[in-house]
Amino acid sequence: MLRDIPEDALEIAAISLKAGRTILGYFRSDVSVDRKNDASPVTDADRHGEDIITSGLAQAFPEIPILAEEAASTGSFPALGLDAEGPFFLVDPLDGTKEFISGSGEFTVNIALVRKGAPVQGVVVAPALGAIYLGIAGAGAWRAEAPKCVAGDWEPIMTRRPAPTELIAVGSRSHGSDATEVFLARLPIADFLKAGSSLKFCRIAEGAADVYPRFGRTMEWDTGAGQAVLQAAGGTVLEASSWSPLSYGKAARGYDNPFFVAWGDPERAASAGDACS
């Protein structure tokens with residue numbers, strides 16, 4: 001219910017919804033597409049959405065630095081310190097730009113709050129789908145209809161635990177790999193769902209899927225909010241090489257992530273790690 005969610009979390013949700021409404025104004029229009037230094041696409045929707053989020057966060061939480069995708073792509077990084085121990089925001093104003101450009105509605109607005117390397121709060125808005133997800137460590141995770149949710153009811157969500165004998169996997173609509181196929185072949189997979197952007201984490205968080213392996217490059221702003229929602233709903237996200245929790249503030253890596261696997265049931269994740277080691 002709304003009364004269970006702290007005011008600061010609702011403020012972040014409101015900021016993300018404002019950005020989402022602006023991004024929708026560009027959706028399925030003749031938006032121009034540029035290329036960043038890494039050849040990934042970027043549009044005015046990405047830039048305008050990030051401006052709204054960063055200005056909103058800076059006004060509401062002036063003491064917390066912001067690591068945002070489009071600013072980082074131009075070499076602008078906040079002073080997080082070598083170990084990024086202090087809190088900072090991670091912002092991806094338009095996750096799933098390829099989905100956005102193609103006309104798919106499976107793109108999201110992502111804001112995460114990171115403390116001591118862990119995403120402790122996350123908001124994921126899917127503007128074209130009319131959905132918002134919110135997760136707070138130690139408090140729970142919720143889903144609501146967007147954009148009226150800030151004044152309406154939030155429905156608690158949780159992962160499927162214990163995981164069933166046969167699992168449902170979820171994966172990218174735009175990215176795949178042979179390594180993903182090899183990993184999934186070791187598990188009793190009954191079905192495979194495709195989803196864009198950080199919605200893959202949210203599908204597991206709401207109990208629609210059980211496992212999401214990602215053996216491809218991602219950045220911290222791609223995953224922080226979705227991981228926060230999933231973990232608050234009872235799941236976990238583990239590095240594929242070490243089976244340790246996926247952490248944040250990795251300045252030495254340029255804030256990119258190692259390969260990882262997201263799970264709805266941590267006990268099933270532990271047994272899979274033993275089997276795959």
# chains A, B, ... in the order shown; residues from 1 in each chain; ligands from 1
call {"tool": "residues_around", "arguments": {"residues": "Gly130 in chain A", "least_positions_apart": "4", "cutoff": "12 Å", "atoms": "only C-alpha atoms", "output": "PDB file with C-alpha atoms, in the first residue's frame"}}
result
ATOM      1  CA  LEU A  17       7.300   9.299 -14.177  1.00  0.00           C
ATOM      2  CA  GLY A  20       8.666   8.860 -18.800  1.00  0.00           C
ATOM      3  CA  ARG A  21       5.908  11.228 -19.920  1.00  0.00           C
ATOM      4  CA  LEU A  24       6.552   9.128 -24.583  1.00  0.00           C
ATOM      5  CA  GLY A 105       7.011  -0.450 -25.948  1.00  0.00           C
ATOM      6  CA  GLU A 106       9.521  -2.459 -23.929  1.00  0.00           C
ATOM      7  CA  PHE A 107      11.769   0.410 -22.904  1.00  0.00           C
ATOM      8  CA  THR A 108      12.189   1.750 -19.391  1.00  0.00           C
ATOM      9  CA  VAL A 109      13.317   4.666 -17.249  1.00  0.00           C
ATOM     10  CA  VAL A 124      11.705   1.115 -13.160  1.00  0.00           C
ATOM     11  CA  VAL A 125       9.059   2.833 -15.279  1.00  0.00           C
ATOM     12  CA  ALA A 126       7.758   1.364 -18.524  1.00  0.00           C
ATOM     13  CA  ARG A 143       4.062  -2.638  -8.977  1.00  0.00           C
ATOM     14  CA  ALA A 144       1.508  -0.016  -9.985  1.00  0.00           C
ATOM     15  CA  GLU A 145      -0.145   1.464 -13.012  1.00  0.00           C
ATOM     16  CA  ALA A 146       1.600   4.539 -14.368  1.00  0.00           C
ATOM     17  CA  PRO A 147       1.207   7.465 -14.261  1.00  0.00           C
ATOM     18  CA  LYS A 148      -1.508   7.628 -11.602  1.00  0.00           C
ATOM     19  CA  CYS A 149       0.334   5.425  -9.106  1.00  0.00           C
TER      20      CYS A 149
END
call {"tool": "select_by_dssp", "arguments": {"residues": "range 95-225 of chain A", "states": "strand (DSSP E or B)", "output": "NGL selection string"}}
result
:A and (95 or 108-115 or 118-126 or 131-136 or 140-145 or 155-157 or 167-172 or 189-195 or 211-214 or 219)
call {"tool": "residues_around", "arguments": {"residues": "Glu11 in chain A", "least_positions_apart": "3", "cutoff": "9 Å", "atoms": "only C-alpha atoms", "output": "PyMOL selection string"}}
result
chain A and resi 6-8+14-16+57+60+150
call {"tool": "write_last_selection", "arguments": {"atoms": "C-alpha atoms", "output": "compact mmCIF listing (two decimals), in the first residue's frame"}}
result
# COMPACT_ATOMS: atom_id res chain seq x y z
CA PRO A 6 8.75 6.23 2.22
CA GLU A 7 8.29 9.75 0.92
CA ASP A 8 11.80 9.87 -0.60
CA ALA A 14 7.54 11.00 -9.40
CA ILE A 15 10.75 12.15 -11.07
CA SER A 16 10.94 8.96 -13.13
CA LEU A 57 17.30 14.45 -8.25
CA ALA A 60 15.44 16.85 -4.11
CA VAL A 150 1.83 8.15 -6.92
call {"tool": "residues_around", "arguments": {"residues": "range 94-104 of chain A", "least_positions_apart": "6", "cutoff": "9 Å", "atoms": "only C-alpha atoms", "output": "PyMOL selection string"}}
result
chain A and resi 20+23+27-28+31+33+40-43+45-47+49-50+110+128+173-174+196-198+221-222
call {"tool": "atom_distance", "arguments": {"atom1": "CA of Gly171 in chain A", "atom2": "CA of Lys200 in chain A"}}
result
6.6 Å
call {"tool": "residues_around", "arguments": {"residues": "Asp210 in chain A", "least_positions_apart": "2", "cutoff": "9 Å", "atoms": "only C-alpha atoms", "output": "ChimeraX atom specification"}}
result
/A:159-160,163-164,167-170,203-205,207-208,212,262-265
call {"tool": "residues_around", "arguments": {"residues": "range 226-241 of chain A", "least_positions_apart": "2", "cutoff": "7 Å", "atoms": "only C-alpha atoms", "output": "number ranges by chain"}}
result
A: 119-122, 124, 133-141, 157-159, 198, 201-202, 204-205, 223-224, 243-246, 258-266
call {"tool": "closest_residue", "arguments": {"among": "A:Ala252, A:Val182, A:Ala195, A:Met219", "to": "Ala68 in chain A", "atoms": "only C-alpha atoms"}}
result
A:Met219
